[in-house]
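Q: The file below is upload-v1.pdb, PDB, C-alpha atoms:
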MODEL        1
ATOM      1  CA  MET Q   7       0.000   0.000   0.000
ATOM      2  CA  HIS Q   8       1.685   3.159  -1.096
ATOM      3  CA  LEU Q   9       1.353   6.309   0.888
ATOM      4  CA  SER Q  10       1.312   8.792  -1.981
ATOM      5  CA  SER Q  11       1.451   8.855  -5.739
ATOM      6  CA  ASP Q  12       5.005  10.199  -5.553
ATOM      7  CA  GLU Q  13       6.250   6.647  -5.351
ATOM      8  CA  ILE Q  14       4.989   5.506  -8.751
ATOM      9  CA  ILE Q  15       7.833   6.580 -10.996
ATOM     10  CA  LEU Q  16       7.254   6.438 -14.711
ATOM     11  CA  TRP Q  17      10.567   7.654 -16.094
ATOM     12  CA  GLN Q  18      13.880   8.410 -14.532
ATOM     13  CA  TRP Q  19      16.993  10.122 -15.799
ATOM     14  CA  GLY Q  20      19.706  10.820 -13.271
ATOM     15  CA  TRP Q  21      18.090  12.593 -10.335
ATOM     16  CA  VAL Q  22      15.132  13.843 -12.334
ATOM     17  CA  ASN Q  23      12.188  11.509 -12.077
ATOM     18  CA  LEU Q  24       8.759  11.800 -13.593
ATOM     19  CA  ASN Q  25       6.196  10.410 -11.206
ATOM     20  CA  VAL Q  26       2.442  10.131 -11.386
ATOM     21  CA  THR Q  27       1.955  13.305  -9.353
ATOM     22  CA  ILE Q  28       3.773  15.427 -11.918
ATOM     23  CA  ILE Q  29       1.979  13.841 -14.877
ATOM     24  CA  THR Q  30      -1.407  14.329 -13.222
ATOM     25  CA  THR Q  31      -0.590  17.946 -12.401
ATOM     26  CA  TRP Q  32       0.335  18.575 -16.038
ATOM     27  CA  CYS Q  33      -2.928  16.993 -17.209
ATOM     28  CA  ILE Q  34      -4.932  19.206 -14.863
ATOM     29  CA  MET Q  35      -3.035  22.305 -16.017
ATOM     30  CA  LEU Q  36      -3.720  21.351 -19.634
ATOM     31  CA  LEU Q  37      -7.386  20.847 -18.850
ATOM     32  CA  MET Q  38      -7.700  24.230 -17.141
ATOM     33  CA  ILE Q  39      -5.783  26.150 -19.818
ATOM     34  CA  ALA Q  40      -7.596  24.472 -22.711
ATOM     35  CA  GLY Q  41     -10.983  24.930 -21.032
ATOM     36  CA  GLY Q  42     -10.319  28.568 -20.245
ATOM     37  CA  TRP Q  43      -9.117  29.324 -23.757
ATOM     38  CA  LEU Q  44     -12.046  27.554 -25.397
ATOM     39  CA  ILE Q  45     -14.625  29.322 -23.244
ATOM     40  CA  THR Q  46     -13.202  32.830 -23.557
ATOM     41  CA  ARG Q  47     -12.484  32.754 -27.273
ATOM     42  CA  LYS Q  48     -15.552  34.775 -28.262
ATOM     43  CA  LEU Q  49     -16.744  36.697 -25.245
ATOM     44  CA  ASN Q  50     -20.261  38.011 -25.644
ATOM     45  CA  GLN Q  51     -21.673  40.980 -23.778
ATOM     46  CA  GLY Q  52     -25.230  40.934 -25.061
ATOM     47  CA  LEU Q  53     -28.319  39.447 -23.498
ATOM     48  CA  HIS Q  54     -27.725  35.897 -24.654
ATOM     49  CA  ILE Q  55     -24.333  34.628 -23.633
ATOM     50  CA  PRO Q  56     -23.128  31.090 -24.231
ATOM     51  CA  ARG Q  57     -23.677  28.545 -21.461
ATOM     52  CA  TRP Q  58     -20.057  27.882 -20.559
ATOM     53  CA  GLN Q  59     -19.294  31.583 -20.426
ATOM     54  CA  ASN Q  60     -22.218  32.013 -18.061
ATOM     55  CA  ALA Q  61     -20.923  29.226 -15.816
ATOM     56  CA  LEU Q  62     -17.451  30.717 -15.745
ATOM     57  CA  GLU Q  63     -18.842  34.165 -14.962
ATOM     58  CA  VAL Q  64     -20.773  32.708 -12.028
ATOM     59  CA  VAL Q  65     -17.597  31.174 -10.620
ATOM     60  CA  VAL Q  66     -15.462  34.277 -11.119
ATOM     61  CA  LEU Q  67     -18.048  36.642  -9.634
ATOM     62  CA  ALA Q  68     -18.618  34.353  -6.652
ATOM     63  CA  LEU Q  69     -14.867  34.314  -5.952
ATOM     64  CA  ASP Q  70     -14.770  38.088  -6.360
ATOM     65  CA  SER Q  71     -17.558  38.639  -3.833
ATOM     66  CA  GLN Q  72     -15.948  36.210  -1.365
ATOM     67  CA  ILE Q  73     -12.665  38.109  -1.547
ATOM     68  CA  LYS Q  74     -14.505  41.388  -0.987
ATOM     69  CA  GLU Q  75     -16.338  39.964   2.019
ATOM     70  CA  VAL Q  76     -13.100  38.940   3.686
ATOM     71  CA  GLY Q  77     -11.961  42.545   3.545
ATOM     72  CA  LEU Q  78      -9.866  43.035   0.413
ATOM     73  CA  ASN Q  79     -11.781  45.771  -1.368
ATOM     74  CA  GLU Q  80      -9.621  45.835  -4.511
ATOM     75  CA  SER Q  81     -10.493  42.244  -5.168
ATOM     76  CA  ARG Q  82      -9.483  42.277  -8.841
ATOM     77  CA  ARG Q  83      -5.801  42.528  -7.928
ATOM     78  CA  TYR Q  84      -5.868  39.355  -5.885
ATOM     79  CA  LEU Q  85      -8.425  37.416  -7.911
ATOM     80  CA  PRO Q  86      -5.928  35.751 -10.308
ATOM     81  CA  PHE Q  87      -3.821  34.246  -7.541
ATOM     82  CA  ILE Q  88      -6.613  33.191  -5.216
ATOM     83  CA  GLY Q  89      -8.872  32.084  -8.066
ATOM     84  CA  THR Q  90      -6.150  29.880  -9.494
ATOM     85  CA  LEU Q  91      -5.500  28.300  -6.094
ATOM     86  CA  PHE Q  92      -9.181  27.572  -5.610
ATOM     87  CA  LEU Q  93      -9.838  26.239  -9.115
ATOM     88  CA  PHE Q  94      -6.727  24.068  -9.213
ATOM     89  CA  ILE Q  95      -7.437  22.410  -5.862
ATOM     90  CA  LEU Q  96     -11.142  22.088  -6.682
ATOM     91  CA  ILE Q  97     -10.577  20.417 -10.057
ATOM     92  CA  SER Q  98      -7.859  18.113  -8.782
ATOM     93  CA  ASN Q  99     -10.143  16.976  -5.930
ATOM     94  CA  ILE Q 100     -13.349  16.644  -7.922
ATOM     95  CA  LEU Q 101     -11.702  14.560 -10.642
ATOM     96  CA  SER Q 102     -11.447  11.788  -8.019
ATOM     97  CA  VAL Q 103     -14.647  10.387  -9.507
ATOM     98  CA  VAL Q 104     -12.587   9.293 -12.515
ATOM     99  CA  PRO Q 105     -11.392   5.706 -11.942
ATOM    100  CA  TRP Q 106      -7.676   5.058 -11.453
ATOM    101  CA  TYR Q 107      -7.132   8.723 -10.722
ATOM    102  CA  GLU Q 108      -5.045   9.832  -7.751
ATOM    103  CA  PRO Q 109      -5.377  13.491  -6.841
ATOM    104  CA  PRO Q 110      -2.014  15.256  -6.934
ATOM    105  CA  THR Q 111      -3.010  17.125  -3.776
ATOM    106  CA  GLY Q 112      -2.776  13.766  -2.018
ATOM    107  CA  SER Q 113       0.978  14.055  -2.231
ATOM    108  CA  MET Q 114       2.937  16.211   0.164
ATOM    109  CA  SER Q 115       5.009  17.715  -2.649
ATOM    110  CA  THR Q 116       2.038  19.418  -4.327
ATOM    111  CA  THR Q 117       0.523  20.747  -1.122
ATOM    112  CA  ALA Q 118       3.901  21.966   0.080
ATOM    113  CA  ALA Q 119       4.378  23.785  -3.231
ATOM    114  CA  LEU Q 120       0.967  25.452  -2.911
ATOM    115  CA  ALA Q 121       1.645  26.440   0.697
ATOM    116  CA  ILE Q 122       5.055  27.867  -0.243
ATOM    117  CA  SER Q 123       3.464  29.912  -2.999
ATOM    118  CA  VAL Q 124       1.061  31.414  -0.414
ATOM    119  CA  PHE Q 125       4.003  31.982   1.935
ATOM    120  CA  LEU Q 126       5.791  33.945  -0.788
ATOM    121  CA  ALA Q 127       2.663  35.739  -1.978
ATOM    122  CA  VAL Q 128       1.821  37.289   1.408
ATOM    123  CA  PRO Q 129       5.025  39.410   1.652
ATOM    124  CA  PHE Q 130       4.768  40.162  -2.066
ATOM    125  CA  PHE Q 131       1.293  41.652  -1.730
ATOM    126  CA  GLY Q 132       2.185  43.293   1.559
ATOM    127  CA  ILE Q 133       5.242  45.055   0.117
ATOM    128  CA  ARG Q 134       3.336  46.030  -3.016
ATOM    129  CA  GLU Q 135       0.578  47.663  -0.961
ATOM    130  CA  LYS Q 136       2.507  49.247   1.866
ATOM    131  CA  GLY Q 137       6.180  49.437   0.970
ATOM    132  CA  LEU Q 138       9.026  47.455   2.458
ATOM    133  CA  LEU Q 139       9.472  49.386   5.717
ATOM    134  CA  ASN Q 140       5.794  49.413   6.652
ATOM    135  CA  TYR Q 141       5.519  45.734   5.893
ATOM    136  CA  LEU Q 142       8.497  44.882   8.097
ATOM    137  CA  ARG Q 143       6.980  47.049  10.796
ATOM    138  CA  THR Q 144       3.969  44.748  11.025
ATOM    139  CA  TYR Q 145       6.218  42.096  12.523
ATOM    140  CA  ILE Q 146       6.930  44.256  15.575
ATOM    141  CA  LYS Q 147       3.286  45.053  16.213
ATOM    142  CA  PRO Q 148       1.968  45.132  18.904
ATOM    143  CA  THR Q 149       5.297  45.059  20.793
ATOM    144  CA  PRO Q 150       8.849  44.199  19.625
ATOM    145  CA  ILE Q 151       8.866  41.188  21.932
ATOM    146  CA  MET Q 152       6.358  39.549  19.599
ATOM    147  CA  LEU Q 153       8.872  39.363  16.741
ATOM    148  CA  PRO Q 154       9.890  35.687  17.179
ATOM    149  CA  PHE Q 155       6.273  34.689  17.737
ATOM    150  CA  ASN Q 156       5.142  36.469  14.588
ATOM    151  CA  LEU Q 157       7.882  34.838  12.536
ATOM    152  CA  LEU Q 158       7.112  31.419  13.992
ATOM    153  CA  GLY Q 159       3.438  32.025  13.357
ATOM    154  CA  GLU Q 160       4.129  32.650   9.671
ATOM    155  CA  LEU Q 161       6.033  29.390   9.344
ATOM    156  CA  SER Q 162       3.495  27.335  11.258
ATOM    157  CA  ARG Q 163       0.598  28.783   9.242
ATOM    158  CA  THR Q 164       2.286  27.681   6.037
ATOM    159  CA  LEU Q 165       2.975  24.216   7.438
ATOM    160  CA  ALA Q 166      -0.624  23.932   8.633
ATOM    161  CA  LEU Q 167      -1.945  24.827   5.167
ATOM    162  CA  ALA Q 168       0.159  22.125   3.538
ATOM    163  CA  ILE Q 169      -0.583  19.391   6.063
ATOM    164  CA  ARG Q 170      -4.298  20.148   6.242
ATOM    165  CA  LEU Q 171      -4.788  19.700   2.499
ATOM    166  CA  PHE Q 172      -2.444  16.706   2.304
ATOM    167  CA  GLY Q 173      -4.043  14.912   5.262
ATOM    168  CA  ASN Q 174      -7.559  15.377   3.963
ATOM    169  CA  MET Q 175      -6.759  14.104   0.476
ATOM    170  CA  MET Q 176      -4.506  11.262   1.533
ATOM    171  CA  SER Q 177      -7.020  10.035   4.074
ATOM    172  CA  GLY Q 178      -9.643   9.755   1.359
ATOM    173  CA  THR Q 179      -7.571   7.590  -0.965
ATOM    174  CA  MET Q 180      -6.265   5.442   1.884
ATOM    175  CA  ILE Q 181      -9.658   4.879   3.489
ATOM    176  CA  ILE Q 182     -11.184   3.825   0.182
ATOM    177  CA  ALA Q 183      -8.305   1.426  -0.461
ATOM    178  CA  ILE Q 184      -8.723  -0.140   2.976
ATOM    179  CA  LEU Q 185     -12.507  -0.347   2.697
ATOM    180  CA  LEU Q 186     -12.292  -1.971  -0.727
ATOM    181  CA  MET Q 187     -10.331  -4.748   0.916
ATOM    182  CA  VAL Q 188     -12.890  -5.178   3.682
ATOM    183  CA  THR Q 189     -16.472  -4.429   2.531
ATOM    184  CA  PRO Q 190     -16.428  -3.923  -1.214
ATOM    185  CA  PHE Q 191     -19.988  -3.019  -2.010
ATOM    186  CA  ILE Q 192     -21.894   0.050  -0.802
ATOM    187  CA  PHE Q 193     -19.776   1.488   1.953
ATOM    188  CA  PRO Q 194     -16.793   2.540  -0.222
ATOM    189  CA  VAL Q 195     -19.222   4.463  -2.431
ATOM    190  CA  LEU Q 196     -20.472   6.451   0.559
ATOM    191  CA  MET Q 197     -16.925   7.137   1.674
ATOM    192  CA  ASN Q 198     -16.105   8.314  -1.839
ATOM    193  CA  LEU Q 199     -18.993  10.793  -1.635
ATOM    194  CA  LEU Q 200     -17.720  12.065   1.710
ATOM    195  CA  HIS Q 201     -14.255  12.396   0.217
ATOM    196  CA  LEU Q 202     -15.595  14.504  -2.660
ATOM    197  CA  ILE Q 203     -17.417  16.845  -0.284
ATOM    198  CA  THR Q 204     -14.306  17.113   1.862
ATOM    199  CA  GLY Q 205     -12.277  17.924  -1.230
ATOM    200  CA  VAL Q 206     -14.527  20.814  -2.216
ATOM    201  CA  VAL Q 207     -14.576  22.195   1.337
ATOM    202  CA  GLN Q 208     -10.796  21.934   1.612
ATOM    203  CA  ALA Q 209     -10.333  23.803  -1.678
ATOM    204  CA  TYR Q 210     -12.533  26.584  -0.305
ATOM    205  CA  ILE Q 211     -10.720  26.602   3.042
ATOM    206  CA  PHE Q 212      -7.286  26.823   1.425
ATOM    207  CA  SER Q 213      -8.208  29.811  -0.712
ATOM    208  CA  ILE Q 214     -10.125  31.592   2.073
ATOM    209  CA  LEU Q 215      -7.193  31.192   4.462
ATOM    210  CA  ALA Q 216      -4.818  32.559   1.816
ATOM    211  CA  THR Q 217      -7.197  35.511   1.381
ATOM    212  CA  VAL Q 218      -7.351  36.111   5.139
ATOM    213  CA  TYR Q 219      -3.557  36.090   5.437
ATOM    214  CA  ILE Q 220      -3.199  38.563   2.566
ATOM    215  CA  ALA Q 221      -5.960  40.768   4.012
ATOM    216  CA  ALA Q 222      -4.279  40.768   7.425
ATOM    217  CA  VAL Q 223      -1.071  42.027   5.870
ATOM    218  CA  THR Q 224      -2.553  44.670   3.553
ATOM    219  CA  ARG Q 225      -5.200  45.961   5.889
ATOM    220  CA  ASN Q 226      -3.520  48.386   8.211
ATOM    221  CA  ASN Q 227      -3.087  51.392   5.958
ATOM    222  CA  LYS Q 228      -6.717  52.367   6.486
ATOM    223  CA  GLN Q 229      -6.431  52.526  10.260
TER     224      GLN Q 229
ATOM    225  CA  MET T  33      13.080  -9.199  22.676
ATOM    226  CA  ASP T  34      15.220  -7.769  19.909
ATOM    227  CA  ASN T  35      15.115  -4.282  18.429
ATOM    228  CA  GLN T  36      12.850  -5.077  15.523
ATOM    229  CA  THR T  37      10.128  -6.685  17.610
ATOM    230  CA  LEU T  38      10.236  -3.872  20.120
ATOM    231  CA  ILE T  39       9.886  -1.221  17.419
ATOM    232  CA  ALA T  40       6.991  -3.076  15.832
ATOM    233  CA  ILE T  41       5.103  -3.443  19.114
ATOM    234  CA  VAL T  42       5.570   0.173  20.162
ATOM    235  CA  SER T  43       4.659   1.488  16.692
ATOM    236  CA  ILE T  44       1.398  -0.416  16.586
ATOM    237  CA  ILE T  45       0.344   0.620  20.083
ATOM    238  CA  ILE T  46       1.301   4.248  19.574
ATOM    239  CA  ALA T  47      -0.448   4.500  16.199
ATOM    240  CA  GLY T  48      -3.677   3.295  17.733
ATOM    241  CA  LEU T  49      -3.376   5.579  20.770
ATOM    242  CA  THR T  50      -2.470   8.607  18.626
ATOM    243  CA  ILE T  51      -5.547   8.505  16.465
ATOM    244  CA  ALA T  52      -7.833   7.469  19.339
ATOM    245  CA  ILE T  53      -6.817  10.162  21.805
ATOM    246  CA  GLY T  54      -6.179  12.724  19.086
ATOM    247  CA  GLY T  55      -9.716  12.438  17.835
ATOM    248  CA  ILE T  56     -11.366  13.293  21.154
ATOM    249  CA  GLY T  57     -10.418  16.964  21.396
ATOM    250  CA  PRO T  58     -11.328  18.041  17.862
ATOM    251  CA  ALA T  59     -14.629  16.153  17.998
ATOM    252  CA  LEU T  60     -15.660  17.911  21.215
ATOM    253  CA  GLY T  61     -14.545  21.270  19.851
ATOM    254  CA  GLN T  62     -16.439  20.831  16.598
ATOM    255  CA  GLY T  63     -19.571  19.813  18.483
ATOM    256  CA  LYS T  64     -19.458  22.947  20.604
ATOM    257  CA  SER T  65     -18.823  25.200  17.598
ATOM    258  CA  ILE T  66     -21.747  23.747  15.647
ATOM    259  CA  ALA T  67     -23.997  24.155  18.686
ATOM    260  CA  ALA T  68     -22.987  27.819  18.956
ATOM    261  CA  ALA T  69     -23.542  28.347  15.221
ATOM    262  CA  LEU T  70     -26.997  26.777  15.394
ATOM    263  CA  SER T  71     -28.092  28.976  18.267
ATOM    264  CA  ALA T  72     -26.733  32.050  16.444
ATOM    265  CA  LEU T  73     -28.645  31.045  13.298
ATOM    266  CA  ALA T  74     -31.808  30.595  15.325
ATOM    267  CA  GLN T  75     -31.454  34.092  16.760
ATOM    268  CA  GLN T  76     -30.504  35.882  13.497
ATOM    269  CA  PRO T  77     -31.468  33.966  10.366
ATOM    270  CA  ASP T  78     -30.570  36.967   8.174
ATOM    271  CA  ALA T  79     -26.884  36.576   8.896
ATOM    272  CA  SER T  80     -26.997  32.981   7.651
ATOM    273  CA  PRO T  81     -24.305  33.276   4.891
ATOM    274  CA  THR T  82     -21.770  34.876   7.226
ATOM    275  CA  ILE T  83     -22.484  32.452  10.043
ATOM    276  CA  THR T  84     -22.297  29.447   7.757
ATOM    277  CA  ARG T  85     -19.042  30.580   6.187
ATOM    278  CA  THR T  86     -17.455  31.301   9.559
ATOM    279  CA  LEU T  87     -18.678  27.930  10.805
ATOM    280  CA  PHE T  88     -17.018  26.060   7.948
ATOM    281  CA  VAL T  89     -13.741  27.938   8.299
ATOM    282  CA  GLY T  90     -13.746  27.301  12.055
ATOM    283  CA  LEU T  91     -14.546  23.620  11.590
ATOM    284  CA  ALA T  92     -11.673  23.218   9.154
ATOM    285  CA  MET T  93      -9.240  24.890  11.552
ATOM    286  CA  VAL T  94     -10.307  22.593  14.396
ATOM    287  CA  GLU T  95     -10.236  19.582  12.078
ATOM    288  CA  SER T  96      -6.577  20.238  11.270
ATOM    289  CA  VAL T  97      -5.536  18.982  14.705
ATOM    290  CA  ALA T  98      -7.260  15.666  14.031
ATOM    291  CA  ILE T  99      -5.574  15.581  10.635
ATOM    292  CA  TYR T 100      -2.162  16.095  12.253
ATOM    293  CA  CYS T 101      -2.799  13.102  14.539
ATOM    294  CA  PHE T 102      -3.939  11.031  11.566
ATOM    295  CA  VAL T 103      -0.846  11.915   9.551
ATOM    296  CA  VAL T 104       1.431  11.014  12.468
ATOM    297  CA  ALA T 105      -0.354   7.674  12.884
ATOM    298  CA  MET T 106       0.006   6.925   9.163
ATOM    299  CA  ILE T 107       3.695   7.834   9.208
ATOM    300  CA  VAL T 108       4.303   5.619  12.219
ATOM    301  CA  LEU T 109       2.523   2.711  10.547
ATOM    302  CA  PHE T 110       3.577   2.968   6.930
ATOM    303  CA  ALA T 111       6.639   5.180   6.616
ATOM    304  CA  ASN T 112       8.352   4.430   9.900
ATOM    305  CA  PRO T 113      12.056   5.345   9.566
ATOM    306  CA  PHE T 114      13.105   3.260  12.584
ATOM    307  CA  TRP T 115      11.377   0.193  11.182
ATOM    308  CA  ASN T 116      12.964   0.720   7.775
ATOM    309  CA  TYR T 117      16.352   1.099   9.431
ATOM    310  CA  THR T 118      16.110  -2.179  11.333
ATOM    311  CA  VAL T 119      14.795  -4.005   8.261
ATOM    312  CA  ALA T 120      17.709  -2.679   6.218
ATOM    313  CA  GLN T 121      20.106  -3.748   8.967
ATOM    314  CA  ILE T 122      18.729  -7.276   9.121
ATOM    315  CA  SER T 123      18.517  -7.766   5.387
ATOM    316  CA  GLY T 124      21.877  -6.091   4.728
ATOM    317  CA  GLY T 125      23.890  -7.418   7.688
TER     318      GLY T 125
ENDMDL
END
Here is the file; what I need is its structure written in the form of structure tokens.
A:
Amino acid sequence: MHLSSDEIILWQWGWVNLNVTIITTWCIMLLMIAGGWLITRKLNQGLHIPRWQNALEVVVLALDSQIKEVGLNESRRYLPFIGTLFLFILISNILSVVPWYEPPTGSMSTTAALAISVFLAVPFFGIREKGLLNYLRTYIKPTPIMLPFNLLGELSRTLALAIRLFGNMMSGTMIIAILLMVTPFIFPVLMNLLHLITGVVQAYIFSILATVYIAAVTRNNKQ
Amino acid sequence: MDNQTLIAIVSIIIAGLTIAIGGIGPALGQGKSIAAALSALAQQPDASPTITRTLFVGLAMVESVAIYCFVVAMIVLFANPFWNYTVAQISGG
């Protein structure tokens, strides 16, 4: 029983190896890019817009309003990053209905990469909004004694993001594998449903937490 | 009792205890948070989207502790470095 899809290696050359996680991630990227390009080829602004464009507009506007509700009023500047996080995790979790598919978010490497990108994005947005000095000053609020705790908090938040997503996805694949060995009729189907719901909720949680961290860092210039 | 047997026994016991004890706290916490959310919804049904969203975010944060325990139990059972070391020693030596 393998713990993650990192261990299935398809092609190796020196220290570079191509495992199932990477191939699956590429397939999902291809799916998202091709789908996005096909839908937005002929954008229509009249009364009757094509169905897929309507669906995509619903998703984008919902994300936009969620970002505004968390507190980032210029939501369009953060929508690409947060929208991509949400859609990538959502699609990679929902495609679990396809047989013989292992979600790439069930491997620690993918979730660590996503968490590191949030870890790098928070200072990036903070410095872009407030300037370098003001951003560094947030680490010594409320008192300078809090500096090590703030730094440690940043690191542990990133780690928590990665492990939360990884644990939820890995538990789904492992539980279904174990249940298929034990009671292979109805119960694995129910667990698969639960795993899909968990996947959607975890995609939402990841992107909302990223939004909250960015809002916390870019918020103070109004006070 | 040699090293390998000892490591196997302790790993099995600890994996079971980790997930059993580690599941108590988060379950209690989630129960209390849902109870609070339900009473808030009953008092102010208009704020339902905000309350529901905050409830889900809070549940996921509390759930992460249970997930940490689960991950540790899985690592101890399936990716145990001490076990792998003793197996390598016995098969290599």
Q: Taking all atoms listed in the file into account, what are the residues of chain Q at most 9 Å from chain T, put as a ChimeraX atom specification?
A: /Q:7-9,166-167,169-174,176-177,207-208,210-211,214-215
Q: Identify, on the basis of only C-alpha atoms, every residue whose closest approach to Ala209 in chain Q does not exceed 12 Å; exclude the query and any residue fewer than 6 positions from it along the same chain; express the result as a ChimeraX atom specification.
A: /Q:88-100,111,117,120,167-168,170-172,174-175,202-203,215-216 /T:88-89,92
Q: Which is closer to Pro110 in chain Q than all the others in Q:Ile192, Q:Ile55, Q:Leu161, Q:Ile29, using only C-alpha atoms?
A: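 Comparing Q:Ile192, Q:Ile55, Q:Leu161, Q:Ile29 against Pro110 in chain Q, the winner is Q:Ile29.
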Q: Could you check the closest approach to Ser102 in chain Q for each of Q:Phe193, Q:Glu13, Q:Thr179, Q:Met152 and tell me which residue wins, using only C-alpha atoms?
A: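 The answer is Q:Thr179, which sits nearest to Ser102 in chain Q.
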Q: Between CA of Met197 in chain Q and CA of Ile182 in chain Q, what distance in Å does the model show, to one decimal?
A: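 The value is 6.8 Å.
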Q: Which residues are close to Ile146 in chain Q, i.e. within 10 Å by only C-alpha atoms, leaving aside same-chain residues fewer than 5 positions away? Reply as a ChimeraX atom specification.
A: /Q:141,151-157
